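Structure first, then comments.
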Amino acid sequence: MSEAIKTAAPVEGEPMPAELKTAEIPTRRGPAPGDPEFLGALRDCCRSLLAEGHVQRIIAYRETPDSLRPEVAFFASPEETGDLVWDLFCNTNICKYLLDYRTFEGRIGVVVKGCDARGVVQLINDMQIPRDKVEIIGICCPGQIDPAKVESAAGEAWVSRVVAGPDSVEIVTEEGTEMRVPLESVLTDRCLSCRKPNPPVADVVFGEDQKGRISDEVFEQIAELERMSSAERDAFWNRHFERCIRCFACRNVCPACSCTKCVFDQQEPDWLAGERNQANQHFFQITRAVHVSGRCTGCEECDRVCPVGIPLRLMNKKLWKDVKDLFDSPLPGTKLGVRSPLVMWDPKDADSFE
Amino acid sequence: MAEKLVTSEGLFTMVEKLLGRAQVTAPREENGIAVFGPVNSAGQVELDGPLPVIPEKSVVFPQSETLLRMDLGGEVPKVEAVEPEGEQVILGVRPCGLQAFARLDRVFLEGAFVDPQYRRRRDHTLIIALTCPTVKRSCFCRAFGYGPSDGSGADLQLTRLPGGSFHLETLTERGGEFVAEMEKEGIAGLTDAGAEAGSAARAEKARVERLAERSAAAVSTEGVVEGLDGMYDDPYWAQLAERCISCGICTYLCPTCHCFDICEKARGPEAERYRCWDTCLFSNYTLMAGGANPRPTVRERLRNRLYHKLNFFNHRYGEFLCVGCGRCVEHCPTNIDIRKVMAKAAARSRAQGVSVNG
Amino acid sequence: MPVNESAAAEAEMMTEAEMTTDGASGAGADAGTGTWEPRIVAFCCNWCSYAGADLAGTSRKQYPANIRIVRVPCSGRINPQYILRAFQRGADGVMVAGCHPGDCHYTTGNYYTRRRFSVVQRFLEYVGLHPDRFSGHWISGSEGEKFVQTAREFTEKVRSLGPNEKMRDVL
């Protein structure tokens, strides 16, 4: 039971399944990203997990010729781990792939950043996958780099590789020219305001705890929106919703979206028709945001993948802010065994009904 | 044909003039993202930005459009076809967008059935192309036999010159009429291009073509169709599908993807039939009444998309449906790269010893 | 009868499929008069708020005919999507009503409603819906008068806002 809801009456229904009660396993530590030993140690760790049969699959990243875009990879044998990679371009949140392994017989290792790890914990808390089926290989994340920002910094030249330092990055082009830019100028937007870069739950952790970047920018933007008039907010969101092409990438990457049949895919009744009009755009955006409220881990993967730049974070974080203010619960995915505040209640809850 | 020189202020005035008489679609910036979309003022047009995320196809093949309006209230149901109205101008189309229009034309206009909506829109759209100001790493137009300065298919072509002005080239009669009309309006800053501007434009085109040369070495279409012919049941598709999240980014951002769904909606006695974009990456795309789905998993769906781009279309029309714009490469959330699929297919065809030349 | 007939007709339990077809767009209060009347959908729980509305009717108390009631088994059954759908199909205001906290026929259903709609209400406001277009109420089976009052006040508020355009999808 959540500590945060101490006053809550017992929740009706079945007791919490045993796997949710699993105590946090003491973690082993490895070298930090940036340490010359890091990649070797990470590969060794993954190799031995597979070789010793602790896991039957590892979900991580693999090098590609385009060094700014490593690909998600699924390693089934120790021999394959030679090209496993983890660098500052591993933007993709891989926790969602665990859903493909719901019926998989073995255990699965996942190489996760702080944000991805919250997704894993949330999937465990949502009873999508048992804790003991997942080996969490966590990395204290120094922040990820946005390939588009690097490319625009390099201008017309093609980027060959990027060498990251603690405060700045060196961009080396195909022609061999080098330039140095501040790290903050190429970090992804979500990393610029990341408060929780460390995996909250892990079996192995690489690196020491990172401070993260304390920025209130998102909450300031939300407060600004809240101060606007209804009509101004309407105009603001209309402009953004209008651009939505309904590719559903935001839903498909989301660790809180784990329904086997999504409401947007339902045909009887067809909650979301294909027609692109203001009504349907609103229905999609509002429903998606409300469905994940109370379970959104704030990883902002949806915001990252949105091809048309809809500020989804401004909706998710607003919902989170309200849920936190109203029901005082921890950020989803930061603690095992916590249920969504929206599937619980307390007789003393704030009342907006008249 | 005729060559003109127009200052950026002159172009601004031309767009302002156009706004009164046609729906103008151009690249503009929205929340830091470049998109093709309707503009209401010339100030919104952003020609120096990157390749817009939303492709040009949305102008002639909108994401959703009404086809019929029905009134079923009376004794005899009234059904009325809805025709697209007005004139359109699309400004800043990149060469890959032009190539995409050519592919879409074959689908919608060739053969026994000519799509009336598409025909109407296409006929009433003036296309003003733009020589790509730069070439990204994700661009691979050269693999498909054209380059970033290729204006074929456009009515007019703009090339940004180093000084900031534009070189405006007339490519069709309709483009010529447009320029004549603008000259009659007396646009300040629109003049005949001298030899100097002409050679500056040629130099700029040569420059971007050289930039594109870099991708030509990395990506090739040689052996792709033949390689894929023998790869349909390859385990490769399952591997690729493992990391595909089955979203619609690659198809909706693709300038040539053209699948649609036709639906109806009824509100009381009134009803509408409309069509809207659909994508083969969604499971509902092939879902049949009764629940059967011939493409049950991501493997079949992703394979279908890639085959359509690189093989099926080729067998039917003799050209690729991919034009190498690179949008799917750049925006795929899990970095699935169609160029790697091409390389894989080419390697397979070499391994099989299939003769590429027939 | 003081109770609006179309409201009574719509008060039958509806299936989810029925709710999503054409519920709110039928001709109602504004038919024939030419003047605009707000359309309001009220989701009422079967045990308290619907009984409250019923009591208003049997006590011959009049409430505005703008209110069309959709009876649901419990306020906890009200999916936020229903609210959006009502707005899509022409509602100018939406009301959610259930048993007072502690009085739920199913013991705890309305506690979930309270949490859910505290969040949804703030969010609808945040995305630009006028705050007066959506409201939640606790109305018991004996509060016929409260139902009437609530219906009147809400109707007047919505009337003063004029027709709702946000999310609207009507031909």
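Quick note on naming: the chains in the structure tokens go A, B, ... in the order shown, residues restart at 1 in each chain, and ligands are numbered from 1 in order of appearance.
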I need the chain C residues near chain A as a PDB file with N, CA, C and O atoms, in the first residue's frame; criterion: at most 7 Å, counting only C-alpha atoms.
ATOM      1  N   ALA C  17     -23.016   1.953 -26.840  1.00  0.00           N
ATOM      2  CA  ALA C  17     -23.129   2.178 -28.283  1.00  0.00           C
ATOM      3  C   ALA C  17     -24.201   3.224 -28.571  1.00  0.00           C
ATOM      4  O   ALA C  17     -24.019   4.104 -29.406  1.00  0.00           O
ATOM      5  N   THR C  20     -23.128   6.759 -27.951  1.00  0.00           N
ATOM      6  CA  THR C  20     -22.161   7.349 -28.863  1.00  0.00           C
ATOM      7  C   THR C  20     -22.750   7.610 -30.235  1.00  0.00           C
ATOM      8  O   THR C  20     -22.082   8.119 -31.096  1.00  0.00           O
ATOM      9  N   GLN C  81     -14.785  10.102 -21.357  1.00  0.00           N
ATOM     10  CA  GLN C  81     -15.088  10.141 -22.789  1.00  0.00           C
ATOM     11  C   GLN C  81     -16.550  10.510 -23.048  1.00  0.00           C
ATOM     12  O   GLN C  81     -16.862  11.089 -24.080  1.00  0.00           O
ATOM     13  N   LEU C  84     -16.798  14.204 -23.225  1.00  0.00           N
ATOM     14  CA  LEU C  84     -16.285  14.738 -24.487  1.00  0.00           C
ATOM     15  C   LEU C  84     -17.266  14.464 -25.613  1.00  0.00           C
ATOM     16  O   LEU C  84     -17.510  15.312 -26.471  1.00  0.00           O
ATOM     17  N   GLN C  88     -19.076  16.899 -28.201  1.00  0.00           N
ATOM     18  CA  GLN C  88     -18.901  16.720 -29.648  1.00  0.00           C
ATOM     19  C   GLN C  88     -20.238  16.760 -30.367  1.00  0.00           C
ATOM     20  O   GLN C  88     -20.365  17.350 -31.423  1.00  0.00           O
ATOM     21  N   TYR C 111     -16.566   7.885  -4.621  1.00  0.00           N
ATOM     22  CA  TYR C 111     -15.235   8.352  -4.211  1.00  0.00           C
ATOM     23  C   TYR C 111     -14.282   8.347  -5.404  1.00  0.00           C
ATOM     24  O   TYR C 111     -13.421   9.213  -5.537  1.00  0.00           O
ATOM     25  N   TYR C 112     -14.444   7.332  -6.244  1.00  0.00           N
ATOM     26  CA  TYR C 112     -13.621   7.289  -7.464  1.00  0.00           C
ATOM     27  C   TYR C 112     -14.028   8.434  -8.394  1.00  0.00           C
ATOM     28  O   TYR C 112     -13.194   9.088  -9.003  1.00  0.00           O
ATOM     29  N   ARG C 114     -15.185  11.249  -7.596  1.00  0.00           N
ATOM     30  CA  ARG C 114     -14.694  12.504  -7.064  1.00  0.00           C
ATOM     31  C   ARG C 114     -13.241  12.742  -7.471  1.00  0.00           C
ATOM     32  O   ARG C 114     -12.878  13.816  -7.932  1.00  0.00           O
ATOM     33  N   ARG C 115     -12.426  11.689  -7.293  1.00  0.00           N
ATOM     34  CA  ARG C 115     -11.018  11.842  -7.694  1.00  0.00           C
ATOM     35  C   ARG C 115     -10.902  12.097  -9.195  1.00  0.00           C
ATOM     36  O   ARG C 115     -10.207  13.002  -9.639  1.00  0.00           O
ATOM     37  N   ARG C 116     -11.601  11.248  -9.951  1.00  0.00           N
ATOM     38  CA  ARG C 116     -11.472  11.323 -11.403  1.00  0.00           C
ATOM     39  C   ARG C 116     -11.885  12.691 -11.921  1.00  0.00           C
ATOM     40  O   ARG C 116     -11.168  13.327 -12.682  1.00  0.00           O
ATOM     41  N   SER C 118     -12.266  15.523 -10.286  1.00  0.00           N
ATOM     42  CA  SER C 118     -11.467  16.657  -9.804  1.00  0.00           C
ATOM     43  C   SER C 118     -10.376  16.929 -10.811  1.00  0.00           C
ATOM     44  O   SER C 118     -10.055  18.084 -11.124  1.00  0.00           O
ATOM     45  N   VAL C 119      -9.785  15.855 -11.319  1.00  0.00           N
ATOM     46  CA  VAL C 119      -8.686  15.989 -12.272  1.00  0.00           C
ATOM     47  C   VAL C 119      -9.219  16.404 -13.648  1.00  0.00           C
ATOM     48  O   VAL C 119      -8.710  17.335 -14.280  1.00  0.00           O
ATOM     49  N   PHE C 123      -8.669  19.780 -15.949  1.00  0.00           N
ATOM     50  CA  PHE C 123      -8.006  19.607 -17.236  1.00  0.00           C
ATOM     51  C   PHE C 123      -8.832  20.197 -18.382  1.00  0.00           C
ATOM     52  O   PHE C 123      -8.295  20.821 -19.296  1.00  0.00           O
ATOM     53  N   TYR C 126      -8.254  23.662 -18.448  1.00  0.00           N
ATOM     54  CA  TYR C 126      -6.889  23.927 -18.913  1.00  0.00           C
ATOM     55  C   TYR C 126      -6.779  23.910 -20.434  1.00  0.00           C
ATOM     56  O   TYR C 126      -6.021  24.679 -21.020  1.00  0.00           O
ATOM     57  N   VAL C 127      -7.533  23.002 -21.070  1.00  0.00           N
ATOM     58  CA  VAL C 127      -7.437  22.960 -22.544  1.00  0.00           C
ATOM     59  C   VAL C 127      -8.393  23.949 -23.208  1.00  0.00           C
ATOM     60  O   VAL C 127      -8.545  23.949 -24.414  1.00  0.00           O
ATOM     61  N   GLY C 128      -9.047  24.775 -22.403  1.00  0.00           N
ATOM     62  CA  GLY C 128      -9.785  25.886 -22.986  1.00  0.00           C
ATOM     63  C   GLY C 128     -11.296  25.777 -22.994  1.00  0.00           C
ATOM     64  O   GLY C 128     -11.963  26.598 -23.615  1.00  0.00           O
ATOM     65  N   LEU C 129     -11.852  24.782 -22.304  1.00  0.00           N
ATOM     66  CA  LEU C 129     -13.305  24.740 -22.182  1.00  0.00           C
ATOM     67  C   LEU C 129     -13.690  25.728 -21.079  1.00  0.00           C
ATOM     68  O   LEU C 129     -13.018  25.792 -20.046  1.00  0.00           O
ATOM     69  N   HIS C 130     -14.752  26.471 -21.302  1.00  0.00           N
ATOM     70  CA  HIS C 130     -15.140  27.432 -20.268  1.00  0.00           C
ATOM     71  C   HIS C 130     -15.550  26.675 -19.003  1.00  0.00           C
ATOM     72  O   HIS C 130     -16.326  25.737 -19.068  1.00  0.00           O
ATOM     73  N   GLY C 136     -20.064  19.371 -11.499  1.00  0.00           N
ATOM     74  CA  GLY C 136     -20.380  18.129 -10.793  1.00  0.00           C
ATOM     75  C   GLY C 136     -21.195  18.436  -9.553  1.00  0.00           C
ATOM     76  O   GLY C 136     -21.004  19.482  -8.926  1.00  0.00           O
ATOM     77  N   HIS C 137     -22.125  17.561  -9.246  1.00  0.00           N
ATOM     78  CA  HIS C 137     -23.022  17.815  -8.107  1.00  0.00           C
ATOM     79  C   HIS C 137     -23.305  16.535  -7.345  1.00  0.00           C
ATOM     80  O   HIS C 137     -23.364  15.461  -7.939  1.00  0.00           O
ATOM     81  N   TRP C 138     -23.503  16.672  -6.054  1.00  0.00           N
ATOM     82  CA  TRP C 138     -23.995  15.554  -5.247  1.00  0.00           C
ATOM     83  C   TRP C 138     -25.463  15.834  -4.953  1.00  0.00           C
ATOM     84  O   TRP C 138     -25.800  16.821  -4.316  1.00  0.00           O
ATOM     85  N   MET C 167     -14.932  21.473 -29.529  1.00  0.00           N
ATOM     86  CA  MET C 167     -15.128  20.020 -29.683  1.00  0.00           C
ATOM     87  C   MET C 167     -16.368  19.658 -30.487  1.00  0.00           C
ATOM     88  O   MET C 167     -16.667  18.498 -30.686  1.00  0.00           O
ATOM     89  N   ARG C 168     -17.128  20.640 -30.904  1.00  0.00           N
ATOM     90  CA  ARG C 168     -18.409  20.344 -31.540  1.00  0.00           C
ATOM     91  C   ARG C 168     -18.224  19.720 -32.923  1.00  0.00           C
ATOM     92  O   ARG C 168     -17.459  20.213 -33.724  1.00  0.00           O
ATOM     93  N   ASP C 169     -18.949  18.657 -33.164  1.00  0.00           N
ATOM     94  CA  ASP C 169     -18.870  17.965 -34.449  1.00  0.00           C
ATOM     95  C   ASP C 169     -20.273  17.649 -34.927  1.00  0.00           C
ATOM     96  O   ASP C 169     -20.754  16.544 -34.775  1.00  0.00           O
TER      97      ASP C 169
END
Proximity of chain A to chain B: per-residue shortest pair, 8 Å limit, only C-alpha atoms, as a tab-separated table:
residue	atom	partner	partner_atom	distance
A:Arg69	CA	B:Asn335	CA	6.3
A:Pro70	CA	B:Asn335	CA	7.2
A:Glu71	CA	B:Asn335	CA	5.6
A:Val72	CA	B:Arg243	CA	6.4
A:Ala73	CA	B:Arg243	CA	7.3
A:Thr92	CA	B:Thr334	CA	6.2
A:Tyr97	CA	B:Arg243	CA	7.7
A:Glu156	CA	B:Thr134	CA	6.5
A:Trp158	CA	B:Arg137	CA	6.2
A:Ile245	CA	B:Tyr252	CA	7.2
A:Arg246	CA	B:Gly248	CA	7.6
A:Cys247	CA	B:Gly248	CA	4.1
A:Phe248	CA	B:Cys247	CA	5.5
A:Ala249	CA	B:Cys247	CA	4.9
A:Asn252	CA	B:Ile245	CA	6.1
A:Val253	CA	B:Ile245	CA	7.1
A:Asp265	CA	B:Asn284	CA	7.0
A:Gly274	CA	B:Cys276	CA	6.1
A:Glu275	CA	B:Ser64	CA	5.6
A:Arg276	CA	B:Ser64	CA	5.6
A:Val305	CA	B:Pro333	CA	5.6
A:Pro307	CA	B:His331	CA	6.4
A:Val308	CA	B:Ile33	CA	6.3
A:Gly309	CA	B:Ile33	CA	6.2
A:Ile310	CA	B:Asn31	CA	7.6
Using only C-alpha atoms and a distance of at most 10 Å, pull out the residues of chain B that contact chain C, as a VMD selection string. chain B and resid 69 265 to 272
Selection export as a short mmCIF file (atom, residue, chain, number, x, y, z; two decimals), in the first residue's frame, atoms kept: C-alpha atoms:
data_model
loop_
_atom_site.label_atom_id
_atom_site.label_comp_id
_atom_site.auth_asym_id
_atom_site.auth_seq_id
_atom_site.Cartn_x
_atom_site.Cartn_y
_atom_site.Cartn_z
CA ARG B 69 -23.28 15.22 -48.53
CA LYS B 265 -20.95 9.91 -40.48
CA ALA B 266 -24.59 10.58 -39.79
CA ARG B 267 -26.16 13.17 -37.54
CA GLY B 268 -29.89 12.74 -37.59
CA PRO B 269 -31.15 12.80 -41.18
CA GLU B 270 -27.97 14.41 -42.48
CA ALA B 271 -24.92 12.46 -43.40
CA GLU B 272 -21.52 12.86 -44.97
#
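For Arg339 of chain B, the set of protein, DNA and RNA residues having any atom at most 9 Å away, when counting only C-alpha atoms and skipping those fewer than 3 positions along the same chain, is Phe140, Ala218, Val219, Ser220, Gly324, Val329, Ile336, Met342, Ala343 and Lys344 of chain B.
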Smallest atom-to-atom distance to Glu169 of chain B: which of B:Leu47, B:Ala188, B:Ala143, B:Leu5, using only C-alpha atoms?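 Among the listed residues, B:Leu5 lies closest to Glu169 of chain B.
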What residues in segment 51-148 of chain B get the DSSP label strand (DSSP E or B)? Please answer as a ChimeraX atom specification. /B:64-71,78-81,88-93,125-130
Residue contacts of segment 160-165 of chain C (7 Å, only C-alpha atoms) excluding same-chain residues fewer than 3 positions away, as an MDAnalysis selection string: chainID C and resid 38 92 156:157 168
Write the residues you've just listed into a file as a PDB file, in the first residue's frame, and include all heavy atoms for each of them.
ATOM      1  N   PRO C  38     -29.930  26.508 -24.785  1.00  0.00           N
ATOM      2  CA  PRO C  38     -28.790  25.612 -24.547  1.00  0.00           C
ATOM      3  C   PRO C  38     -29.242  24.157 -24.419  1.00  0.00           C
ATOM      4  O   PRO C  38     -30.331  23.880 -23.918  1.00  0.00           O
ATOM      5  CB  PRO C  38     -28.201  26.118 -23.238  1.00  0.00           C
ATOM      6  CG  PRO C  38     -29.269  26.903 -22.579  1.00  0.00           C
ATOM      7  CD  PRO C  38     -30.158  27.429 -23.671  1.00  0.00           C
ATOM      8  N   ASP C  92     -24.108  21.977 -24.950  1.00  0.00           N
ATOM      9  CA  ASP C  92     -23.497  23.258 -24.597  1.00  0.00           C
ATOM     10  C   ASP C  92     -22.992  23.246 -23.159  1.00  0.00           C
ATOM     11  O   ASP C  92     -22.227  24.106 -22.753  1.00  0.00           O
ATOM     12  CB  ASP C  92     -24.516  24.384 -24.779  1.00  0.00           C
ATOM     13  CG  ASP C  92     -25.001  24.460 -26.216  1.00  0.00           C
ATOM     14  OD1 ASP C  92     -24.155  24.670 -27.102  1.00  0.00           O
ATOM     15  OD2 ASP C  92     -26.207  24.260 -26.460  1.00  0.00           O
ATOM     16  N   GLU C 156     -28.888  28.549 -16.680  1.00  0.00           N
ATOM     17  CA  GLU C 156     -28.719  29.994 -16.862  1.00  0.00           C
ATOM     18  C   GLU C 156     -27.260  30.360 -17.137  1.00  0.00           C
ATOM     19  O   GLU C 156     -26.974  31.197 -17.978  1.00  0.00           O
ATOM     20  CB  GLU C 156     -29.264  30.767 -15.655  1.00  0.00           C
ATOM     21  CG  GLU C 156     -30.795  30.802 -15.625  1.00  0.00           C
ATOM     22  CD  GLU C 156     -31.411  30.962 -17.015  1.00  0.00           C
ATOM     23  OE1 GLU C 156     -31.074  31.930 -17.726  1.00  0.00           O
ATOM     24  OE2 GLU C 156     -32.219  30.099 -17.430  1.00  0.00           O
ATOM     25  N   LYS C 157     -26.372  29.696 -16.404  1.00  0.00           N
ATOM     26  CA  LYS C 157     -24.946  29.936 -16.645  1.00  0.00           C
ATOM     27  C   LYS C 157     -24.584  29.616 -18.090  1.00  0.00           C
ATOM     28  O   LYS C 157     -23.909  30.387 -18.780  1.00  0.00           O
ATOM     29  CB  LYS C 157     -24.108  29.020 -15.746  1.00  0.00           C
ATOM     30  CG  LYS C 157     -23.681  29.643 -14.439  1.00  0.00           C
ATOM     31  CD  LYS C 157     -22.697  28.695 -13.775  1.00  0.00           C
ATOM     32  CE  LYS C 157     -22.458  29.032 -12.325  1.00  0.00           C
ATOM     33  NZ  LYS C 157     -21.719  27.973 -11.646  1.00  0.00           N
ATOM     34  N   ARG C 168     -17.128  20.640 -30.904  1.00  0.00           N
ATOM     35  CA  ARG C 168     -18.409  20.344 -31.540  1.00  0.00           C
ATOM     36  C   ARG C 168     -18.224  19.720 -32.923  1.00  0.00           C
ATOM     37  O   ARG C 168     -17.459  20.213 -33.724  1.00  0.00           O
ATOM     38  CB  ARG C 168     -19.209  21.623 -31.657  1.00  0.00           C
ATOM     39  CG  ARG C 168     -20.614  21.394 -32.119  1.00  0.00           C
ATOM     40  CD  ARG C 168     -21.457  22.616 -31.894  1.00  0.00           C
ATOM     41  NE  ARG C 168     -22.736  22.194 -31.370  1.00  0.00           N
ATOM     42  CZ  ARG C 168     -23.581  22.991 -30.755  1.00  0.00           C
ATOM     43  NH1 ARG C 168     -23.289  24.233 -30.544  1.00  0.00           N
ATOM     44  NH2 ARG C 168     -24.717  22.530 -30.344  1.00  0.00           N
TER      45      ARG C 168
END
For each of B:Gly353, B:Gly111, B:Gly164, B:Pro116, take the minimum atom-to-atom distance to Ala81 of chain B, counting only C-alpha atoms, then give the residue where this is smallest.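 Result for the nearest residue to Ala81 of chain B: B:Pro116.
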Determine, counting only C-alpha atoms, which protein, DNA and RNA residues have an atom within 8 Å of an atom of segment 43-47 of chain A; residues of the same chain fewer than 4 positions away are not included. Present the result as a list in words. Leu39, Ala51, Ile58, Ser77, Pro78, Glu79, Thr81, Gly82, Leu84, Val85 and Gly109 of chain A
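Distance check against Met127 of chain A using only C-alpha atoms: of A:Leu68, A:Ala157, A:Ala256, A:Cys299, the minimum falls on A:Ala256.
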With only C-alpha atoms as the counted atoms, please give the residues lying no more than 9 Å from Trp47 of chain C, apart from itself and same-chain residues fewer than 5 positions off, as a PDB file with N, CA and C atoms, in the first residue's frame.
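Just written: part-v2.pdb:
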ATOM      1  N   GLY C  52     -33.576  11.911  -7.489  1.00  0.00           N
ATOM      2  CA  GLY C  52     -33.821  13.313  -7.148  1.00  0.00           C
ATOM      3  C   GLY C  52     -34.597  14.016  -8.248  1.00  0.00           C
ATOM      4  N   PRO C  73     -25.691   3.647 -13.973  1.00  0.00           N
ATOM      5  CA  PRO C  73     -25.862   2.874 -12.736  1.00  0.00           C
ATOM      6  C   PRO C  73     -25.200   3.539 -11.522  1.00  0.00           C
ATOM      7  N   CYS C  74     -24.094   4.248 -11.761  1.00  0.00           N
ATOM      8  CA  CYS C  74     -23.371   4.855 -10.650  1.00  0.00           C
ATOM      9  C   CYS C  74     -22.554   5.986 -11.247  1.00  0.00           C
ATOM     10  N   GLY C  98     -24.150  12.603  -8.735  1.00  0.00           N
ATOM     11  CA  GLY C  98     -24.145  11.301  -8.057  1.00  0.00           C
ATOM     12  C   GLY C  98     -24.559  11.442  -6.604  1.00  0.00           C
ATOM     13  N   CYS C  99     -24.537  10.318  -5.895  1.00  0.00           N
ATOM     14  CA  CYS C  99     -24.900  10.304  -4.474  1.00  0.00           C
ATOM     15  C   CYS C  99     -23.868  11.100  -3.674  1.00  0.00           C
ATOM     16  N   CYS C 104     -22.954   6.255  -1.405  1.00  0.00           N
ATOM     17  CA  CYS C 104     -23.016   5.521  -2.672  1.00  0.00           C
ATOM     18  C   CYS C 104     -23.720   4.183  -2.488  1.00  0.00           C
ATOM     19  N   HIS C 105     -24.593   3.871  -3.416  1.00  0.00           N
ATOM     20  CA  HIS C 105     -25.306   2.589  -3.382  1.00  0.00           C
ATOM     21  C   HIS C 105     -24.302   1.435  -3.409  1.00  0.00           C
ATOM     22  N   SER C 140     -28.999  13.873  -3.662  1.00  0.00           N
ATOM     23  CA  SER C 140     -29.571  12.615  -3.154  1.00  0.00           C
ATOM     24  C   SER C 140     -30.986  12.419  -3.689  1.00  0.00           C
ATOM     25  N   GLY C 141     -31.521  11.246  -3.420  1.00  0.00           N
ATOM     26  CA  GLY C 141     -32.859  10.900  -3.899  1.00  0.00           C
ATOM     27  C   GLY C 141     -33.939  11.751  -3.251  1.00  0.00           C
TER      28      GLY C 141
END
Fewer than 4 positions away in the same chain doesn't count, so skip those; otherwise give me all residues within 12 Å of segment 164-180 of chain A, counting only C-alpha atoms, as a ChimeraX atom specification. /A:32-35,66-68,87-89,141-145,147,149-160,184-187,210 /B:137,214
